[in-house]
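Student: Please find data-v4.tsv (TSV, C-alpha atoms) on the next line:
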chain	number	residue	atom	x	y	z
A	300	MET	CA	0.00	0.00	0.00
A	301	ALA	CA	1.50	3.28	-1.17
A	302	ASP	CA	1.80	6.27	1.19
A	303	LYS	CA	-0.05	9.46	0.33
A	304	PRO	CA	2.28	11.76	-1.66
A	305	VAL	CA	3.73	14.39	0.68
A	306	PRO	CA	4.37	17.88	-0.77
A	307	ILE	CA	8.04	18.54	-1.33
A	308	ALA	CA	8.22	21.47	1.06
A	309	GLN	CA	7.26	19.33	4.03
A	310	ARG	CA	9.61	16.42	3.46
A	311	ARG	CA	12.89	15.94	5.31
A	312	LEU	CA	16.00	16.60	3.25
A	313	MET	CA	17.04	12.95	3.28
A	314	ASP	CA	13.73	11.98	1.68
A	315	VAL	CA	14.04	14.41	-1.23
A	316	LYS	CA	15.22	12.69	-4.40
A	317	LEU	CA	18.31	14.09	-6.14
A	318	GLY	CA	16.37	15.20	-9.22
A	319	GLU	CA	13.94	17.17	-7.05
A	320	LEU	CA	16.70	19.12	-5.32
A	321	PRO	CA	16.26	22.40	-7.27
A	322	ASN	CA	12.52	22.30	-6.54
A	323	TRP	CA	13.21	21.77	-2.88
A	324	ALA	CA	15.72	24.64	-2.82
A	325	ALA	CA	13.07	26.91	-4.35
A	326	THR	CA	10.76	26.31	-1.39
A	327	ARG	CA	13.41	27.33	1.16
A	328	ASP	CA	13.23	30.69	2.89
A	329	PHE	CA	16.12	32.88	1.74
A	330	THR	CA	15.18	36.06	3.55
A	331	PRO	CA	17.70	37.30	6.16
A	332	ASN	CA	15.39	36.06	8.90
A	333	GLY	CA	15.18	32.67	7.24
A	334	ILE	CA	18.94	32.40	6.87
A	335	LEU	CA	19.46	33.45	10.46
A	336	SER	CA	16.98	30.91	11.76
A	337	ALA	CA	18.60	28.21	9.63
A	338	VAL	CA	22.01	29.07	11.08
A	339	ARG	CA	20.53	29.06	14.58
A	340	ARG	CA	18.91	25.64	14.01
A	341	GLY	CA	22.14	24.18	12.62
A	342	HIS	CA	24.12	25.57	15.52
A	343	ASP	CA	21.66	24.20	18.06
A	344	ARG	CA	21.78	20.75	16.47
A	345	PHE	CA	25.59	20.69	16.57
A	346	TYR	CA	25.80	22.16	20.05
A	347	ASN	CA	23.29	19.78	21.59
A	348	LYS	CA	24.83	16.75	19.96
A	349	TYR	CA	28.53	17.35	20.64
A	350	ILE	CA	29.07	20.00	23.29
A	351	ASN	CA	26.02	20.10	25.54
A	352	VAL	CA	26.48	16.52	26.74
A	353	LYS	CA	27.33	15.09	30.13
A	354	ARG	CA	30.88	14.03	29.31
A	355	GLY	CA	31.84	16.10	26.30
A	356	GLY	CA	35.44	15.81	25.28
A	357	ILE	CA	37.72	17.83	23.11
A	358	GLY	CA	36.01	16.47	19.97
A	359	GLY	CA	33.20	19.01	19.77
A	360	VAL	CA	35.44	22.07	19.90
A	361	ALA	CA	38.03	20.36	17.71
A	362	MET	CA	35.41	19.78	15.01
A	363	LEU	CA	34.43	23.44	15.12
A	364	LEU	CA	38.04	24.58	14.84
A	365	THR	CA	38.77	22.17	12.00
A	366	GLY	CA	35.70	23.44	10.16
A	367	TYR	CA	36.93	26.99	10.71
A	368	VAL	CA	40.37	26.16	9.29
A	369	VAL	CA	38.79	24.49	6.25
A	370	LEU	CA	36.50	27.48	5.66
A	371	SER	CA	39.45	29.86	5.96
A	372	TYR	CA	41.36	27.77	3.43
A	373	ILE	CA	38.45	28.04	1.01
A	374	TRP	CA	38.41	31.82	1.44
A	375	GLU	CA	42.14	32.11	0.89
A	376	TYR	CA	42.35	29.60	-1.96
A	377	ASP	CA	42.79	32.20	-4.67
A	378	HIS	CA	45.72	33.74	-2.89
A	379	ILE	CA	47.31	30.38	-2.12
A	380	LYS	CA	47.01	29.41	-5.80
A	381	HIS	CA	49.01	32.50	-6.75
A	382	ASP	CA	51.57	31.77	-4.06
A	383	ARG	CA	52.12	28.32	-5.49
A	384	TRP	CA	52.68	29.72	-8.98
A	385	ARG	CA	54.92	32.57	-7.85
A	386	LYS	CA	58.66	32.06	-8.41
A	387	TYR	CA	59.96	34.47	-5.78
A	388	HIS	CA	58.17	35.05	-2.50
B	61	MET	CA	57.42	41.63	-7.89
B	62	ILE	CA	55.31	42.58	-4.92
B	63	LEU	CA	56.42	41.27	-1.56
B	64	SER	CA	53.66	38.96	-0.43
B	65	PHE	CA	54.41	38.64	3.25
B	66	PHE	CA	51.89	41.29	4.19
B	67	ASP	CA	49.12	39.62	2.24
B	68	GLN	CA	48.19	37.56	5.26
B	69	PHE	CA	46.85	40.75	6.83
B	70	MET	CA	44.40	41.50	4.05
B	71	SER	CA	41.05	39.84	4.48
B	72	PRO	CA	40.12	38.04	1.24
B	73	THR	CA	36.55	38.20	-0.01
B	74	HIS	CA	34.73	35.12	-1.25
B	75	LEU	CA	31.14	35.15	-2.47
B	76	GLY	CA	30.95	38.74	-1.27
B	77	ILE	CA	31.73	37.89	2.35
B	78	PRO	CA	35.10	39.03	3.74
B	79	LEU	CA	36.99	36.53	5.85
B	80	ILE	CA	37.09	39.00	8.72
B	81	ALA	CA	33.33	38.53	9.13
B	82	LEU	CA	33.84	34.81	9.66
B	83	ALA	CA	36.78	35.43	12.01
B	84	LEU	CA	34.84	37.92	14.10
B	85	SER	CA	31.79	35.67	14.43
B	86	LEU	CA	33.72	32.64	15.62
B	87	PRO	CA	34.04	33.73	19.29
B	88	TRP	CA	30.23	33.78	19.40
B	89	VAL	CA	30.18	30.11	18.45
B	90	LEU	CA	32.98	29.06	20.77
B	91	ILE	CA	31.74	30.80	23.91
B	92	PRO	CA	28.27	29.44	24.69
B	93	THR	CA	25.69	31.27	26.78
B	94	PRO	CA	25.29	29.87	30.28
B	95	THR	CA	21.92	28.29	30.98
B	96	ASN	CA	20.09	28.37	34.28
B	97	ARG	CA	20.73	24.70	34.95
B	98	TRP	CA	22.60	23.77	38.07
B	99	LEU	CA	25.13	21.60	36.22
B	100	ASN	CA	26.12	22.60	32.71
B	101	ASN	CA	28.30	20.91	30.13
B	102	ARG	CA	32.07	20.84	30.53
B	103	LEU	CA	32.74	23.73	28.17
B	104	LEU	CA	30.39	26.00	30.10
B	105	THR	CA	31.83	24.92	33.45
B	106	LEU	CA	35.36	25.67	32.28
B	107	GLN	CA	34.30	28.99	30.86
B	108	GLY	CA	32.41	29.92	34.01
B	109	TRP	CA	35.37	29.09	36.20
B	110	PHE	CA	37.71	31.17	34.05
B	111	ILE	CA	35.35	34.15	33.99
B	112	ASN	CA	34.84	34.08	37.74
B	113	ARG	CA	38.55	33.90	38.54
B	114	PHE	CA	39.45	36.55	36.02
B	115	THR	CA	36.80	39.03	37.13
B	116	GLN	CA	37.73	38.53	40.76
B	117	GLN	CA	41.42	39.18	40.04
B	118	LEU	CA	40.69	42.16	37.83
B	119	MET	CA	38.31	43.88	40.22
B	120	LEU	CA	40.53	43.50	43.29
B	121	PRO	CA	42.23	46.91	43.17
B	122	ILE	CA	39.18	48.83	41.93
B	123	ASN	CA	36.74	50.43	44.33
B	124	LEU	CA	32.99	49.92	44.19
B	125	GLY	CA	32.25	52.55	41.55
B	126	GLY	CA	34.39	50.74	39.03
B	127	HIS	CA	32.66	47.41	39.48
B	128	LYS	CA	30.11	48.48	36.89
B	129	TRP	CA	32.85	47.85	34.35
B	130	ALA	CA	33.31	44.19	35.30
B	131	VAL	CA	31.13	42.75	32.52
B	132	LEU	CA	32.63	44.97	29.85
B	133	LEU	CA	36.24	44.27	30.76
B	134	THR	CA	35.75	40.53	31.14
B	135	ALA	CA	33.88	40.30	27.84
B	136	LEU	CA	36.64	42.30	26.17
B	137	MET	CA	39.27	40.01	27.62
B	138	LEU	CA	37.43	36.88	26.41
B	139	LEU	CA	37.03	38.32	22.93
B	140	LEU	CA	40.66	39.39	22.61
B	141	ILE	CA	42.09	36.15	23.91
B	142	THR	CA	39.84	34.09	21.60
B	143	LEU	CA	40.65	36.22	18.55
B	144	ASN	CA	44.39	36.09	19.24
B	145	LEU	CA	44.54	32.36	19.86
B	146	LEU	CA	42.35	31.51	16.86
B	147	GLY	CA	44.68	33.51	14.65
B	148	LEU	CA	47.44	31.01	15.30
B	149	LEU	CA	45.59	28.23	13.46
B	150	PRO	CA	46.67	27.66	9.84
B	151	TYR	CA	45.07	29.76	7.10
B	152	THR	CA	43.05	31.82	9.57
B	153	PHE	CA	42.75	35.58	9.74
B	154	THR	CA	43.44	37.53	12.92
B	155	PRO	CA	41.19	40.59	13.19
B	156	THR	CA	43.31	42.09	15.96
B	157	THR	CA	46.16	42.69	13.52
B	158	GLN	CA	44.07	45.48	12.07
B	159	LEU	CA	44.87	48.81	13.68
B	160	SER	CA	41.34	50.03	13.01
B	161	LEU	CA	39.83	47.35	15.22
B	162	ASN	CA	42.24	47.89	18.08
B	163	MET	CA	41.85	51.65	18.01
B	164	GLY	CA	38.12	51.08	17.94
B	165	PHE	CA	38.48	49.23	21.22
B	166	ALA	CA	41.06	51.51	22.81
B	167	VAL	CA	39.84	55.05	22.10
B	168	PRO	CA	36.22	54.84	23.29
B	169	LEU	CA	37.09	52.92	26.45
B	170	TRP	CA	39.97	55.21	27.36
B	171	LEU	CA	37.85	58.27	26.64
B	172	ALA	CA	35.13	56.85	28.86
B	173	THR	CA	37.54	56.53	31.79
B	174	VAL	CA	38.76	60.11	31.30
B	175	ILE	CA	35.25	61.55	31.07
B	176	ILE	CA	34.10	59.62	34.12
B	177	GLY	CA	37.06	60.98	36.05
B	178	MET	CA	36.45	64.54	34.92
B	179	ARG	CA	32.76	64.41	35.77
B	180	ASN	CA	32.84	62.70	39.14
B	181	GLN	CA	36.07	63.97	40.65
B	182	PRO	CA	37.54	66.73	38.46
B	183	THR	CA	40.05	67.87	41.04
B	184	ALA	CA	41.52	64.44	41.58
B	185	ALA	CA	41.50	63.68	37.83
B	186	LEU	CA	43.39	66.87	37.08
B	187	GLY	CA	45.63	66.23	40.06
B	188	HIS	CA	46.93	63.09	38.34
B	189	LEU	CA	48.68	65.38	35.91
B	190	LEU	CA	51.17	66.43	38.56
B	191	PRO	CA	53.03	63.75	40.53
B	192	GLU	CA	53.61	64.42	44.21
B	193	GLY	CA	56.86	65.93	45.31
B	194	THR	CA	57.91	67.64	42.11
B	195	PRO	CA	60.23	70.62	42.55
B	196	VAL	CA	58.37	73.91	41.94
B	197	PRO	CA	60.34	75.11	38.89
B	198	LEU	CA	59.58	71.86	37.06
B	199	ILE	CA	55.79	72.12	37.43
B	200	PRO	CA	54.86	73.72	34.05
B	201	VAL	CA	57.03	71.33	32.05
B	202	LEU	CA	55.73	68.33	33.93
B	203	ILE	CA	52.10	69.27	33.38
B	204	VAL	CA	52.70	69.46	29.64
B	205	ILE	CA	54.49	66.13	29.70
B	206	GLU	CA	51.78	64.43	31.73
B	207	THR	CA	49.06	65.77	29.44
B	208	ILE	CA	50.88	64.42	26.43
B	209	SER	CA	51.27	61.05	28.14
B	210	LEU	CA	47.58	61.06	28.96
B	211	PHE	CA	46.60	61.60	25.35
B	212	ILE	CA	49.04	59.04	24.05
B	213	ARG	CA	47.44	56.25	26.12
B	214	PRO	CA	44.77	55.17	23.60
B	215	LEU	CA	47.34	55.25	20.81
B	216	ALA	CA	49.70	53.12	22.87
B	217	LEU	CA	46.95	50.64	23.77
B	218	GLY	CA	45.88	50.12	20.18
B	219	VAL	CA	49.29	50.11	18.60
B	220	ARG	CA	50.76	47.79	21.25
B	221	LEU	CA	48.22	45.07	20.48
B	222	THR	CA	48.46	45.54	16.72
B	223	ALA	CA	52.24	45.62	16.59
B	224	ASN	CA	52.74	42.60	18.83
B	225	LEU	CA	50.39	40.39	16.88
B	226	THR	CA	51.48	41.60	13.45
B	227	ALA	CA	55.16	41.14	14.30
B	228	GLY	CA	54.52	37.65	15.64
B	229	HIS	CA	52.62	36.54	12.57
B	230	LEU	CA	55.21	38.01	10.23
B	231	LEU	CA	58.04	36.27	12.07
B	232	ILE	CA	56.25	32.95	11.91
B	233	GLN	CA	55.71	33.34	8.19
B	234	LEU	CA	59.32	34.40	7.51
B	235	ILE	CA	60.91	31.61	9.53
B	236	ALA	CA	58.52	29.04	8.09
B	237	THR	CA	59.39	30.16	4.56
B	238	ALA	CA	63.11	29.92	5.41
B	239	ALA	CA	62.76	26.40	6.83
B	240	PHE	CA	60.70	25.30	3.85
B	241	VAL	CA	63.16	26.65	1.29
B	242	LEU	CA	66.20	25.25	3.13
B	243	LEU	CA	64.84	21.72	3.41
B	244	PRO	CA	66.06	20.38	0.02
B	245	MET	CA	69.40	22.19	0.25
B	246	MET	CA	70.69	21.96	3.83
B	247	PRO	CA	68.55	19.62	5.95
B	248	THR	CA	70.48	20.28	9.16
B	249	VAL	CA	69.95	24.00	8.98
B	250	ALA	CA	66.33	23.33	8.10
B	251	ILE	CA	65.92	21.27	11.25
B	252	LEU	CA	67.48	24.04	13.34
B	253	THR	CA	65.16	26.54	11.74
B	254	SER	CA	62.22	24.27	12.46
B	255	THR	CA	63.22	24.18	16.12
B	256	VAL	CA	63.27	27.97	16.16
B	257	LEU	CA	59.87	27.93	14.51
B	258	PHE	CA	58.48	25.61	17.14
B	259	LEU	CA	59.77	27.78	19.96
B	260	LEU	CA	58.46	30.85	18.25
B	261	THR	CA	55.01	29.31	17.97
B	262	LEU	CA	55.01	28.61	21.68
B	263	LEU	CA	56.00	32.22	22.27
B	264	GLU	CA	53.22	33.40	20.04
B	265	VAL	CA	50.65	31.43	22.01
B	266	ALA	CA	51.92	33.11	25.17
B	267	VAL	CA	51.99	36.54	23.54
B	268	ALA	CA	48.44	36.10	22.32
B	269	MET	CA	47.19	35.58	25.83
B	270	ILE	CA	49.45	38.13	27.47
B	271	GLN	CA	48.62	40.94	25.10
B	272	ALA	CA	44.91	40.52	25.63
B	273	TYR	CA	45.49	40.56	29.36
B	274	VAL	CA	47.71	43.63	29.24
B	275	PHE	CA	45.14	45.54	27.25
B	276	VAL	CA	42.40	44.88	29.74
B	277	LEU	CA	44.67	45.39	32.72
B	278	LEU	CA	45.80	48.80	31.59
B	279	LEU	CA	42.24	49.81	30.97
B	280	SER	CA	41.31	48.76	34.47
B	281	LEU	CA	44.26	50.79	35.76
B	282	TYR	CA	43.05	53.89	33.96
B	283	LEU	CA	39.63	53.21	35.41
B	284	GLN	CA	40.98	52.85	38.90
B	285	GLU	CA	42.64	56.23	38.75
B	286	ASN	CA	39.51	57.93	37.63
B	287	VAL	CA	36.60	56.31	39.38
Would you mind writing the file out in structure tokens?
Tutor:
Amino acid sequence: MADKPVPIAQRRLMDVKLGELPNWAATRDFTPNGILSAVRRGHDRFYNKYINVKRGGIGGVAMLLTGYVVLSYIWEYDHIKHDRWRKYH
Amino acid sequence: MILSFFDQFMSPTHLGIPLIALALSLPWVLIPTPTNRWLNNRLLTLQGWFINRFTQQLMLPINLGGHKWAVLLTALMLLLITLNLLGLLPYTFTPTTQLSLNMGFAVPLWLATVIIGMRNQPTAALGHLLPEGTPVPLIPVLIVIETISLFIRPLALGVRLTANLTAGHLLIQLIATAAFVLLPMMPTVAILTSTVLFLLTLLEVAVAMIQAYVFVLLLSLYLQENV
């Protein structure tokens, strides 16, 4: 017995098929408030899973710092590319 | 051929967002807000212990009127120490190497201490311009000198932080470049240089913490004179 078709805006991200991804992205809220609330939700999920636990270790903060280093690398990639090509520093 | 060693102090922009925005928002993520639970997570407990000890130490020499500044000074200390230490990670950007940011911290806070002193106890605040026991003929010269030293304080506060951090980062980059270039040619010298680099990195960690502390301490000193 098939389930009733659920509208794409109300499905969880894992249940959205790959071909429907642009449609799903169109239903998302891209206003500043929407982006802020998305960031807040993401932060709460991470915080409550890895840091706000009874015996949290160094892993939670280490993951944050590693993510920060990776993001900084992405921001600086253009400059690093030129540094690699440059003959004299 | 443009020398590229100073490029680490320019914040690159990607997708319209400068890296300094990311660097400035990270302390918000790393320093969680305490909840009203009795027992929090380990990060919050550590943070709470540090804040309590630091505020207690900082407010020791200041009389009651200055205790209003406790939150501001402790928050400033937390921000500076986080920004400085995060800047030591690879590829990151240190906002406190920008003179504009440091002057933005130093000038308003210093000016606030001066204005508070002038409003609440103008005689005592002006009396600080003349140390006790000066010989009478020296008084005019000394007043000029003390006024100049008073006005140089915000400049010194800002430039001290900027210069220390900038110099440290530059040194790390220079010595790292030297070690990297020497490795294929003279491995022994490269290993010696790497040792120097390691020691320098330890020093930079210390400097990062000390400079933040000195900034806040001097501010509390200026407050203590004036409140």
Student: Between CA of His229 in chain B and CA of Leu278 in chain B, measure the distance and give it in Å to one decimal.
Tutor: 23.6 Å
Student: Near chain B, meaning an atom within 12 Å, which residues of chain A appear when counting only C-alpha atoms? Write them as JSON, numbers by chain.
Tutor: {"A": [338, 339, 341, 342, 343, 345, 346, 347, 348, 349, 350, 351, 352, 353, 354, 355, 356, 357, 358, 359, 360, 361, 362, 363, 364, 365, 366, 367, 368, 369, 370, 371, 372, 373, 374, 375, 376, 377, 378, 379, 381, 382, 383, 385, 386, 387, 388]}
Student: Just the residues within 10 Å of range 112-114 of chain B, please, counting only C-alpha atoms, with nothing from its chain fewer than 6 positions along; format it as a ChimeraX atom specification.
Tutor: /B:130,133-134,137-138,273
Student: Could you give me the centre and size, in Å to one decimal, of an axis-aligned box around all listed atoms of range 271-287 of chain B with 8 Å added on every side, as lines of an AutoDock Vina configuration file?
Tutor:
center_x = 42.6
center_y = 49.2
center_z = 32.2
size_x = 28.0
size_y = 33.4
size_z = 30.3
Student: Find the residues near Arg179 in chain B: any atom within 10 Å, counting all atoms listed in the file, skip ones fewer than 5 places away on the same chain, and give them as a compact mmCIF listing (two decimals) with C-alpha atoms, keeping the file's coordinate frame.
Tutor:
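Final output, selection_7.txt:
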# COMPACT_ATOMS: atom_id res chain seq x y z
CA VAL B 174 38.76 60.11 31.30
CA ALA B 185 41.50 63.68 37.83
CA ASN B 286 39.51 57.93 37.63
CA VAL B 287 36.60 56.31 39.38
